[in-house]
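Enquirer: My file is query.txt. It has compact mmCIF, C-alpha atoms:
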# COMPACT_ATOMS: atom_id res chain seq x y z
CA MET A 1 103.61 88.71 15.88
CA SER A 2 103.39 86.56 18.98
CA THR A 3 100.91 83.72 19.40
CA PRO A 4 97.88 84.61 21.57
CA SER A 5 97.23 82.84 24.86
CA ILE A 6 94.92 79.80 24.84
CA LEU A 7 92.25 78.86 27.36
CA THR A 8 92.22 75.08 27.86
CA PRO A 9 88.99 73.13 28.52
CA SER A 10 90.09 72.80 32.15
CA GLY A 11 90.11 76.60 32.50
CA ARG A 12 93.90 77.01 32.57
CA VAL A 13 95.31 79.85 30.48
CA LEU A 14 98.44 78.92 28.55
CA THR A 15 101.22 81.48 28.25
CA PRO A 16 102.18 82.62 24.71
CA GLN A 17 105.17 80.25 24.80
CA GLU A 18 102.98 77.34 25.90
CA ALA A 19 100.42 78.28 23.24
CA VAL A 20 103.10 77.95 20.55
CA VAL A 21 103.92 74.44 21.74
CA ASP A 22 100.26 73.51 22.25
CA THR A 23 99.21 74.55 18.75
CA ALA A 24 102.14 72.73 17.17
CA PHE A 25 101.48 69.67 19.36
CA TRP A 26 97.97 69.15 18.05
CA GLN A 27 99.07 69.83 14.49
CA LEU A 28 101.70 67.15 14.95
CA LEU A 29 99.17 64.64 16.29
CA ARG A 30 96.81 65.32 13.38
CA GLN A 31 99.65 64.75 10.91
CA PHE A 32 100.67 61.63 12.77
CA SER A 33 97.10 60.31 12.71
CA TRP A 34 96.75 60.80 8.95
CA ALA A 35 100.20 59.39 8.18
CA GLY A 36 99.63 56.42 10.51
CA ALA A 37 96.26 55.64 8.97
CA ALA A 38 97.73 55.74 5.45
CA LEU A 39 100.58 53.45 6.49
CA HIS A 40 98.26 50.91 8.12
CA LEU A 41 96.02 50.87 5.05
CA LEU A 42 99.09 49.78 3.08
CA TYR A 43 99.85 47.13 5.70
CA ILE A 44 96.49 45.39 5.26
CA PRO A 45 97.02 43.99 1.71
CA LEU A 46 100.70 43.36 2.51
CA PHE A 47 99.90 41.18 5.52
CA LEU A 48 97.06 39.40 3.69
CA SER A 49 99.39 38.53 0.82
CA PHE A 50 101.61 36.64 3.28
CA GLY A 51 98.72 34.99 5.09
CA ALA A 52 99.13 37.10 8.26
CA ARG A 53 95.40 37.68 8.76
CA THR A 54 95.83 38.50 12.43
CA LEU A 55 98.18 41.35 11.56
CA ALA A 56 95.84 42.59 8.83
CA ALA A 57 93.00 42.69 11.36
CA ALA A 58 95.25 44.57 13.79
CA SER A 59 95.98 47.13 11.08
CA VAL A 60 92.24 47.59 10.48
CA GLY A 61 91.80 48.17 14.20
CA SER A 62 94.65 50.71 14.19
CA VAL A 63 93.04 52.63 11.32
CA GLY A 64 89.80 52.68 13.32
CA LEU A 65 91.53 54.04 16.44
CA LEU A 66 93.31 56.72 14.42
CA ALA A 67 89.98 57.72 12.88
CA VAL A 68 88.43 57.96 16.36
CA ALA A 69 91.35 60.11 17.54
CA THR A 70 90.89 62.46 14.56
CA VAL A 71 87.15 62.81 15.23
CA LEU A 72 87.78 63.54 18.91
CA GLN A 73 90.21 66.30 17.93
CA ARG A 74 87.66 67.85 15.58
CA ILE A 75 84.96 68.00 18.25
CA GLY A 76 87.32 69.50 20.82
CA ARG A 77 87.97 66.38 22.91
CA THR A 78 91.70 66.81 22.58
CA GLN A 79 92.72 64.99 25.72
CA GLY A 80 90.62 61.97 24.81
CA SER A 81 92.12 62.06 21.31
CA PHE A 82 95.61 62.01 22.78
CA TRP A 83 95.03 59.00 25.03
CA VAL A 84 93.25 57.04 22.26
CA LEU A 85 96.12 57.72 19.89
CA LEU A 86 98.78 56.85 22.47
CA GLY A 87 96.97 53.66 23.48
CA GLY A 88 96.53 52.61 19.85
CA VAL A 89 100.19 53.18 19.00
CA ALA A 90 101.35 51.31 22.11
CA ALA A 91 98.99 48.37 21.45
CA HIS A 92 100.05 48.11 17.81
CA ALA A 93 103.73 48.23 18.78
CA LEU A 94 103.20 45.49 21.35
CA PHE A 95 101.23 43.27 18.99
CA GLY A 96 103.52 43.97 16.02
CA VAL A 97 106.71 43.04 17.86
CA TRP A 98 105.04 39.90 19.27
CA ALA A 99 103.82 38.86 15.82
CA LEU A 100 106.75 39.91 13.59
CA GLY A 101 109.68 40.49 15.91
CA TRP A 102 111.82 43.46 16.82
CA ASP A 103 113.23 43.78 13.29
CA SER A 104 109.82 44.85 11.96
CA GLY A 105 110.39 48.30 13.51
CA LEU A 106 106.75 48.64 14.57
CA TRP A 107 107.99 50.09 17.85
CA TRP A 108 109.54 53.18 16.19
CA PRO A 109 106.36 55.33 16.43
CA LEU A 110 106.67 55.09 20.23
CA VAL A 111 110.07 56.79 19.99
CA GLY A 112 108.54 59.54 17.86
CA LEU A 113 105.78 60.11 20.42
CA LEU A 114 108.17 60.32 23.37
CA PRO A 115 109.31 63.99 22.95
CA ALA A 116 105.75 64.96 21.97
CA ILE A 117 104.55 63.74 25.37
CA ILE A 118 107.16 65.89 27.11
CA LEU A 119 105.86 68.93 25.18
CA HIS A 120 102.20 68.22 26.01
CA THR A 121 101.34 71.47 27.85
CA ARG A 122 97.85 70.38 28.95
CA LEU A 123 99.17 67.56 31.13
CA THR A 124 100.77 68.13 34.49
CA GLU A 125 104.51 67.66 34.62
CA ASP A 126 104.11 64.60 36.83
CA ILE A 127 101.80 62.86 34.33
CA ARG A 128 104.04 63.77 31.40
CA TRP A 129 107.12 62.24 32.97
CA ARG A 130 105.25 59.17 34.25
CA THR A 131 103.90 58.54 30.75
CA ALA A 132 107.35 59.01 29.20
CA VAL A 133 108.93 56.59 31.68
CA CYS A 134 106.22 54.02 30.94
CA LEU A 135 106.91 54.30 27.20
CA ILE A 136 110.64 53.83 27.71
CA ALA A 137 110.02 50.85 29.99
CA GLY A 138 107.62 49.42 27.41
CA CYS A 139 110.23 49.67 24.64
CA VAL A 140 112.85 47.96 26.81
CA THR A 141 110.37 45.21 27.73
CA LEU A 142 109.47 44.68 24.06
CA ARG A 143 113.13 44.35 23.18
CA LEU A 144 113.78 41.78 25.94
CA GLY A 145 110.64 39.85 25.10
CA SER A 146 111.49 39.68 21.41
CA GLN A 147 114.79 37.98 22.31
CA LEU A 148 113.05 35.33 24.42
CA ALA A 149 110.34 34.21 21.97
CA ALA A 150 110.19 33.61 18.24
CA PRO A 151 107.79 35.85 16.23
CA LEU A 152 104.32 34.55 15.44
CA HIS A 153 104.73 35.09 11.67
CA GLU A 154 107.80 34.74 9.48
CA LEU A 155 108.03 37.35 6.73
CA PRO A 156 110.77 37.63 4.09
CA PRO A 157 113.74 39.76 5.21
CA VAL A 158 113.05 42.33 2.47
CA VAL A 159 109.52 42.85 3.83
CA LEU A 160 110.77 43.22 7.39
CA GLU A 161 113.38 45.72 6.20
CA THR A 162 110.68 47.70 4.35
CA LEU A 163 108.52 47.79 7.49
CA MET A 164 111.51 48.91 9.55
CA GLN A 165 112.35 51.74 7.14
CA ALA A 166 108.73 52.93 6.90
CA ASN A 167 108.29 53.12 10.68
CA LEU A 168 111.71 54.70 11.15
CA LEU A 169 110.81 57.33 8.54
CA MET A 170 107.61 58.18 10.41
CA ALA A 171 109.47 58.57 13.70
CA LEU A 172 112.10 60.79 12.07
CA LEU A 173 109.43 62.99 10.50
CA MET A 174 107.85 63.46 13.93
CA LEU A 175 111.20 64.40 15.44
CA MET A 176 111.84 66.87 12.61
CA THR A 177 108.46 68.48 13.25
CA LEU A 178 109.24 68.77 16.95
CA ALA A 179 112.60 70.35 16.11
CA LYS A 180 110.72 72.92 14.01
CA VAL A 181 108.45 73.63 16.98
CA SER A 182 111.48 74.06 19.22
CA ARG A 183 113.04 76.50 16.73
CA ARG A 184 109.83 78.52 16.51
CA LEU A 185 109.57 78.65 20.28
CA THR A 186 113.19 79.82 20.53
CA ASP A 187 112.58 82.55 17.96
CA GLU A 188 109.45 83.79 19.75
CA THR A 189 111.19 83.75 23.10
CA SER A 190 114.10 85.73 21.66
CA THR A 191 111.66 88.27 20.20
CA GLN A 192 109.87 88.65 23.52
CA LEU A 193 113.18 88.97 25.36
CA GLY A 194 114.22 91.70 22.95
CA GLU A 195 110.93 93.50 23.61
CA LEU A 196 111.50 93.25 27.35
CA LEU A 197 114.91 94.87 26.91
CA GLN A 198 113.54 97.65 24.68
CA ARG A 199 109.95 98.27 25.77
CA ASP A 200 108.31 99.53 28.92
CA SER A 201 105.93 96.80 30.09
CA LEU A 202 103.08 99.14 31.09
CA THR A 203 102.98 101.65 28.23
CA ARG A 204 104.60 99.54 25.47
CA LEU A 205 106.76 102.55 24.61
CA ASP A 206 110.53 102.46 24.25
CA ASN A 207 112.19 102.33 27.64
CA ARG A 208 114.73 104.94 28.70
CA ARG A 209 117.76 102.94 27.60
CA HIS A 210 116.42 102.07 24.15
CA TRP A 211 115.01 105.55 23.51
CA THR A 212 118.38 107.11 24.40
CA MET A 213 120.17 104.77 22.02
CA LEU A 214 117.79 105.62 19.14
CA ALA A 215 117.89 109.37 19.87
CA GLN A 216 121.69 109.43 20.08
CA ALA A 217 121.92 107.58 16.77
CA ARG A 218 119.63 110.13 15.16
CA LEU A 219 121.69 112.96 16.62
CA ASP A 220 124.91 111.38 15.33
CA GLU A 221 123.45 111.00 11.85
CA ARG A 222 122.06 114.50 11.39
CA PRO A 223 123.88 116.76 8.92
CA ALA A 224 126.29 119.37 10.22
CA ALA A 225 125.44 123.06 10.40
CA GLY A 226 126.41 125.28 7.50
CA GLU A 227 128.96 128.10 7.54
CA ASP A 228 126.29 130.42 8.94
CA GLY A 229 125.82 128.04 11.88
CA GLU A 230 122.30 127.08 10.76
CA LEU A 231 121.14 123.50 10.44
CA PRO A 232 119.38 122.27 7.29
CA PRO A 233 115.66 121.42 7.77
CA GLU A 234 116.38 117.68 7.99
CA GLY A 235 118.87 118.34 10.79
CA LEU A 236 116.43 120.09 13.11
CA LEU A 237 115.76 118.12 16.30
CA THR A 238 113.57 119.01 19.27
CA VAL A 239 113.20 117.17 22.58
CA ALA A 240 110.07 117.30 24.74
CA VAL A 241 109.80 115.90 28.28
CA ALA A 242 106.24 115.42 29.57
CA ASP A 243 105.28 114.80 33.21
CA LEU A 244 101.92 113.61 34.55
CA ASP A 245 100.59 116.29 36.89
CA GLY A 246 99.75 115.17 40.42
CA PHE A 247 101.05 111.65 39.97
CA ARG A 248 101.71 111.15 43.68
CA LEU A 249 98.22 112.35 44.63
CA ILE A 250 96.64 110.05 42.04
CA ASN A 251 98.53 107.11 43.54
CA GLU A 252 97.56 108.02 47.10
CA ARG A 253 93.91 108.97 46.56
CA CYS A 254 92.83 106.80 43.62
CA GLY A 255 95.25 103.88 43.79
CA HIS A 256 97.98 102.44 41.61
CA GLU A 257 95.51 101.05 39.09
CA ALA A 258 94.15 104.52 38.30
CA ALA A 259 97.69 105.86 38.04
CA ASP A 260 98.63 103.05 35.64
CA ARG A 261 95.54 103.75 33.51
CA SER A 262 96.53 107.43 33.41
CA LEU A 263 100.04 106.59 32.22
CA SER A 264 98.70 104.12 29.65
CA GLY A 265 96.27 106.76 28.38
CA ILE A 266 99.04 109.33 27.95
CA ALA A 267 101.16 106.76 26.12
CA ARG A 268 98.26 106.02 23.79
CA VAL A 269 97.82 109.72 23.00
CA LEU A 270 101.52 110.07 22.21
CA ARG A 271 101.57 106.92 20.10
CA ASP A 272 98.45 107.84 18.11
CA ASN A 273 99.23 111.51 17.48
CA LEU A 274 102.94 111.57 16.73
CA ARG A 275 104.53 110.82 13.39
CA THR A 276 106.13 107.46 12.72
CA THR A 277 109.46 109.26 12.45
CA ASP A 278 109.16 110.72 15.97
CA LEU A 279 110.80 108.86 18.84
CA VAL A 280 108.67 108.44 21.95
CA GLY A 281 109.55 106.65 25.16
CA ARG A 282 108.90 106.40 28.88
CA TRP A 283 111.56 108.47 30.62
CA GLY A 284 110.72 107.91 34.30
CA ASP A 285 107.90 106.81 36.59
CA GLU A 286 105.51 109.50 35.36
CA GLU A 287 107.64 111.05 32.63
CA PHE A 288 107.62 110.62 28.87
CA ILE A 289 110.10 111.87 26.29
CA VAL A 290 109.77 112.67 22.60
CA MET A 291 112.27 113.58 19.89
CA MET A 292 110.86 115.23 16.75
CA SER A 293 112.89 115.94 13.64
CA GLY A 294 112.55 118.39 10.77
CA LEU A 295 110.49 120.97 12.68
CA GLU A 296 111.20 124.60 13.44
CA MET A 297 110.70 125.47 17.10
CA PRO A 298 107.29 127.20 16.64
CA GLU A 299 105.88 124.23 14.73
CA ALA A 300 107.30 121.78 17.27
CA PHE A 301 105.70 123.82 20.02
CA GLU A 302 102.30 123.71 18.27
CA ARG A 303 102.48 119.93 17.95
CA VAL A 304 103.41 119.48 21.60
CA GLU A 305 100.66 121.87 22.68
CA ALA A 306 98.17 119.81 20.67
CA LEU A 307 99.37 116.70 22.53
CA ARG A 308 98.86 118.46 25.88
CA GLN A 309 95.30 119.38 24.92
CA ARG A 310 94.50 115.83 23.82
CA VAL A 311 95.78 114.45 27.12
CA ALA A 312 93.61 116.95 28.99
CA GLN A 313 90.59 115.46 27.19
CA LEU A 314 91.36 111.92 28.34
CA GLY A 315 89.58 111.41 31.64
CA VAL A 316 90.34 108.10 33.35
CA PRO A 317 87.44 106.23 35.02
CA HIS A 318 87.91 105.23 38.66
CA ALA A 319 85.82 104.49 41.73
CA TYR A 320 84.81 108.12 42.25
CA GLY A 321 84.03 109.04 38.63
CA GLN A 322 86.25 110.49 35.91
CA LEU A 323 89.81 111.31 36.90
CA PRO A 324 91.16 114.39 35.06
CA VAL A 325 94.58 113.83 33.52
CA THR A 326 96.96 116.64 32.56
CA VAL A 327 100.63 116.92 31.71
CA THR A 328 103.27 119.60 31.86
CA ILE A 329 105.76 119.56 28.99
CA GLY A 330 109.22 121.08 28.65
CA LEU A 331 110.51 121.62 25.12
CA ALA A 332 114.04 122.29 23.87
CA GLU A 333 115.63 122.45 20.44
CA VAL A 334 118.91 120.53 20.14
CA ALA A 335 121.51 123.13 19.18
CA PRO A 336 124.19 122.29 16.55
CA ASP A 337 127.00 122.02 19.13
CA GLU A 338 124.88 120.53 21.92
CA THR A 339 124.86 116.99 23.26
CA LEU A 340 121.69 114.99 23.74
CA GLY A 341 122.08 115.13 27.51
CA GLN A 342 122.40 118.91 27.51
CA ALA A 343 119.25 119.33 25.43
CA ILE A 344 117.29 116.99 27.69
CA ARG A 345 118.44 118.85 30.79
CA ARG A 346 117.22 122.13 29.29
CA ALA A 347 113.87 120.53 28.49
CA GLU A 348 113.66 119.19 32.05
CA ARG A 349 114.40 122.63 33.48
CA ALA A 350 111.65 124.03 31.28
CA LEU A 351 109.38 121.33 32.68
CA VAL A 352 110.22 122.34 36.26
CA GLU A 353 109.43 125.94 35.35
CA GLY A 354 106.02 124.84 34.06
CA LYS A 355 105.33 122.83 37.21
CA GLY A 356 106.15 125.85 39.32
CA ALA A 357 103.71 127.93 37.30
CA GLY A 358 100.82 125.55 38.06
CA GLY A 359 101.29 122.72 35.55
CA ASN A 360 99.14 121.70 32.58
CA ARG A 361 101.14 123.80 30.13
CA VAL A 362 103.96 123.66 27.59
CA VAL A 363 107.12 125.58 28.40
CA SER A 364 109.91 126.20 25.90
CA ALA A 365 113.55 126.94 26.64
CA GLN A 366 115.56 129.31 24.48
CA PRO A 367 118.73 127.92 22.84
CA PRO A 368 121.89 127.96 24.99
CA VAL A 369 124.01 131.10 24.79
CA ALA A 370 127.37 130.75 23.01
CA ALA A 371 130.33 129.99 25.24
CA SER A 372 132.07 133.23 24.28
CA SER A 373 129.35 135.32 25.95
CA GLY A 374 129.79 133.67 29.35
CA ARG A 375 132.65 133.09 31.67
CA ALA A 376 135.61 131.15 30.40
CA GLY A 377 135.11 127.43 29.93
CA ALA A 378 131.35 127.57 30.50
CA ALA A 379 128.32 127.84 28.26
CA PRO A 380 125.64 129.62 30.26
CA GLU A 381 122.10 128.81 29.24
CA ALA A 382 119.36 131.35 28.60
CA PRO A 383 116.52 131.55 31.08
CA VAL A 384 113.53 129.36 30.45
CA VAL A 385 110.70 131.23 28.74
CA ALA A 386 107.08 130.10 28.77
CA LEU A 387 105.63 130.75 25.32
CA THR A 388 102.04 129.92 26.27
CA ASP A 389 100.27 128.22 29.11
CA ALA A 390 96.88 126.69 29.77
CA ALA A 391 95.83 129.50 32.13
CA ASP A 392 95.98 132.02 29.25
CA ALA A 393 94.31 129.73 26.72
Now, as a test, write the supplied structure out as structure tokens.
Expert:
Amino acid sequence: MSTPSILTPSGRVLTPQEAVVDTAFWQLLRQFSWAGAALHLLYIPLFLSFGARTLAAASVGSVGLLAVATVLQRIGRTQGSFWVLLGGVAAHALFGVWALGWDSGLWWPLVGLLPAIILHTRLTEDIRWRTAVCLIAGCVTLRLGSQLAAPLHELPPVVLETLMQANLLMALLMLMTLAKVSRRLTDETSTQLGELLQRDSLTRLDNRRHWTMLAQARLDERPAAGEDGELPPEGLLTVAVADLDGFRLINERCGHEAADRSLSGIARVLRDNLRTTDLVGRWGDEEFIVMMSGLEMPEAFERVEALRQRVAQLGVPHAYGQLPVTVTIGLAEVAPDETLGQAIRRAERALVEGKGAGGNRVVSAQPPVAASSGRAGAAPEAPVVALTDAADA
């Protein structure tokens, strides 16, 4: 399931992809705040034991800033939380390298924050890149400055190595979390791309290409007819093609929005009233297609007729009141020796017959006549027969 869009305090709506990154970004900052506070609490007695009271005081200040950042996040001041956290990390890195030298590794958290800044969706691209460049420049400056001046405090090498490893570990954990975010974003994007390739954007039904692939697979998998030429119940397949009546007039007189609502309403009726085993898709601009399995022709006809009646009860609101919505449906049973395309064409011809008779009805085509009864090399099809129509109902 995709992540919902997020409305930022500035009024900007984030896309689902941005929402994935945004949610993970603030989770990352909260984790960083807690981990940083715990680490600095350990620094305080360590620095005091070596007489580095200035560094101990700086660690107390860092814990305070991290606490402020956490509170700001909880009350919804996320941007303020971000800048407090970034400023605190930068100040501690600057002071730590000045006091203990580059080998203390107190600059590593800045490296961990760098990709997080690039992913910060609530900042403009210009601000993100300016902030990232400033961090990189700050790291380079710290490195050059540490080579020009001796550190304020001298700590044993083992302590400096421990500090280096602890800060490096924190930066690596941040990078691992960001890699997880990137993987999640890739997965969601792939899922959405797959949906775009398979689903119609307006109706959320299978598009023509995907429906055809599924229907052909079902046709290929159905059991063969017996010696008597009859299919077993599980091999029965029927195809119905439905067309919105007066689609062009709806577009011209009521507008595209009303036409889109009509199509969405029909799609909803089909989705809600068909079985999960039935295949339903959008076949054309105003056409829908359904494949039902395991139904004899009379039962399939009854189900399709029920769908037609439900559509006729829709009514779509527009500027001039309720817009009546009706469909004409052509129905054909897929014969044992028939291809999917041939069955669809028979259903479409039945649909044309229904349109010519006034629309808002279901029309069924008889099975194709055997090739031996027609001229050589051809399989003539029986005339389309309307079983019932709305005018007689």
Enquirer: Find the distance between CA of Ile44 in chain A and CA of Leu169 in chain A and write it in Å to one decimal.
Expert: 18.9 Å
Enquirer: Between CA of Met297 in chain A and CA of Gly235 in chain A, what distance in Å does the model show, to one decimal?
Expert: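 One can read the CA of Met297 in chain A to CA of Gly235 in chain A distance as 12.5 Å.
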Enquirer: Rank A:Ala56, A:Cys254, A:Val327, A:Leu65 by their smallest atom-to-atom distance to Ala267 in chain A, using all atoms listed in the file, and report the top residue only.
Expert: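 Checking each of A:Ala56, A:Cys254, A:Val327, A:Leu65 against Ala267 in chain A, counting all atoms listed in the file, the winner is A:Val327.
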Enquirer: Check the smallest atom-to-atom distance from each of A:Phe95, A:Thr276, A:Ala357, A:Leu100 to Ala150 in chain A using all atoms listed in the file, then report the winner.
Expert: A:Leu100
Enquirer: Nearest residue to Trp102 in chain A out of A:Arg77, A:Leu160, A:Val63, A:Arg53, using all atoms listed in the file?
Expert: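 Of all the options, A:Leu160 lies closest to Trp102 in chain A.
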Enquirer: Considering all atoms listed in the file, state which residue in the set A:Arg346, A:Val334, A:Ala93, A:Ala306 is at the smallest distance from Ala225 in chain A.
Expert: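 Residue with the minimum atom-to-atom distance to Ala225 in chain A: A:Val334.
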Enquirer: With a distance cut-off of 10 Å and all atoms listed in the file, select the neighbouring residues of Gly145 in chain A, excluding the residue or stretch itself and same-chain residues fewer than 5 positions from it, and output the selection as a list in words.
Expert: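 Surrounding residues, per the criterion: Val97, Trp98, Gly101, Trp102, Cys139, Val140 and Ala150 of chain A.
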Enquirer: Could those residues be written to a file, using C-alpha atoms, as a PDB file, keeping the file's coordinate frame?
Expert:
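Result file follows (result_32.pdb):
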ATOM      1  CA  VAL A  97     106.710  43.040  17.860  1.00  0.00           C
ATOM      2  CA  TRP A  98     105.040  39.900  19.270  1.00  0.00           C
ATOM      3  CA  GLY A 101     109.680  40.490  15.910  1.00  0.00           C
ATOM      4  CA  TRP A 102     111.820  43.460  16.820  1.00  0.00           C
ATOM      5  CA  CYS A 139     110.230  49.670  24.640  1.00  0.00           C
ATOM      6  CA  VAL A 140     112.850  47.960  26.810  1.00  0.00           C
ATOM      7  CA  ALA A 150     110.190  33.610  18.240  1.00  0.00           C
TER       8      ALA A 150
END
Enquirer: Measuring atom to atom with all atoms listed in the file, identify which of A:Leu237, A:Leu41, A:Leu351, A:Ala91 is nearest to Leu106 in chain A.
Expert: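 Using all atoms listed in the file, the shortest distance to Leu106 in chain A belongs to A:Ala91.
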Enquirer: Expressed in Å to a single decimal, how great is the separation between CA of Ala67 in chain A and CA of Phe32 in chain A?
Expert: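 CA of Ala67 in chain A sits 11.4 Å away from CA of Phe32 in chain A.
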Enquirer: Mind checking which residues fall within 8 Å of Ser33 in chain A, counting all atoms listed in the file, ignoring those fewer than 6 positions away in the same chain, and posting them as a PyMOL selection string?
Expert: chain A and resi 66-67+69-70+85
Enquirer: Determine, counting only C-alpha atoms, which protein, DNA and RNA residues have an atom within 8 Å of an atom of Phe301 in chain A; residues of the same chain fewer than 2 positions away are not included. Present the result as a list in words.
Expert: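 Here the answer would be Met297, Pro298, Glu299, Arg303, Val304, Glu305, Leu331, Val362 and Ser364 of chain A.
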Enquirer: Nearest to Ala38 in chain A: which of A:Ala137, A:Ala259, A:Val60, A:Val311 is it, counting only C-alpha atoms?
Expert: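 Checking each of A:Ala137, A:Ala259, A:Val60, A:Val311 against Ala38 in chain A, counting only C-alpha atoms, the winner is A:Val60.
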Enquirer: Please list as an MDAnalysis selection string every residue within 7 Å of His153 in chain A, counting all atoms listed in the file and excluding residues in the same chain fewer than 2 positions away.
Expert: chainID A and resid 52 99:100 151 155
Enquirer: Enumerate, as a short mmCIF file (atom, residue, chain, number, x, y, z; two decimals) with C-alpha atoms, in the coordinates of the input, the protein, DNA and RNA residues whose atoms approach (119.7, 110.5, 22.2) to within 12 Å, taking into account all atoms listed in the file and the coordinate frame of the file.
Expert:
data_model
loop_
_atom_site.label_atom_id
_atom_site.label_comp_id
_atom_site.auth_asym_id
_atom_site.auth_seq_id
_atom_site.Cartn_x
_atom_site.Cartn_y
_atom_site.Cartn_z
CA ARG A 208 114.73 104.94 28.70
CA ARG A 209 117.76 102.94 27.60
CA HIS A 210 116.42 102.07 24.15
CA TRP A 211 115.01 105.55 23.51
CA THR A 212 118.38 107.11 24.40
CA MET A 213 120.17 104.77 22.02
CA LEU A 214 117.79 105.62 19.14
CA ALA A 215 117.89 109.37 19.87
CA GLN A 216 121.69 109.43 20.08
CA ALA A 217 121.92 107.58 16.77
CA ARG A 218 119.63 110.13 15.16
CA LEU A 219 121.69 112.96 16.62
CA ASP A 220 124.91 111.38 15.33
CA GLU A 221 123.45 111.00 11.85
CA ARG A 222 122.06 114.50 11.39
CA LEU A 237 115.76 118.12 16.30
CA THR A 238 113.57 119.01 19.27
CA VAL A 239 113.20 117.17 22.58
CA LEU A 279 110.80 108.86 18.84
CA VAL A 280 108.67 108.44 21.95
CA GLY A 281 109.55 106.65 25.16
CA TRP A 283 111.56 108.47 30.62
CA ILE A 289 110.10 111.87 26.29
CA VAL A 290 109.77 112.67 22.60
CA MET A 291 112.27 113.58 19.89
CA MET A 292 110.86 115.23 16.75
CA VAL A 334 118.91 120.53 20.14
CA GLU A 338 124.88 120.53 21.92
CA THR A 339 124.86 116.99 23.26
CA LEU A 340 121.69 114.99 23.74
CA GLY A 341 122.08 115.13 27.51
CA GLN A 342 122.40 118.91 27.51
CA ALA A 343 119.25 119.33 25.43
CA ILE A 344 117.29 116.99 27.69
#
Enquirer: Using only C-alpha atoms, which residues sit within 8 Å of Leu178 in chain A once same-chain residues fewer than 6 positions away are excluded, as a PyMOL selection string?
Expert: chain A and resi 28+115-116
Enquirer: May I have the centre and edge lengths, in Å to one decimal, of an axis-aligned box around the listed atoms of range 98-112 of chain A with 4 Å added to every side, as JSON?
Expert:
{"center_x": 108.5, "center_y": 49.2, "center_z": 16.1, "size_x": 17.4, "size_y": 28.7, "size_z": 16.3}
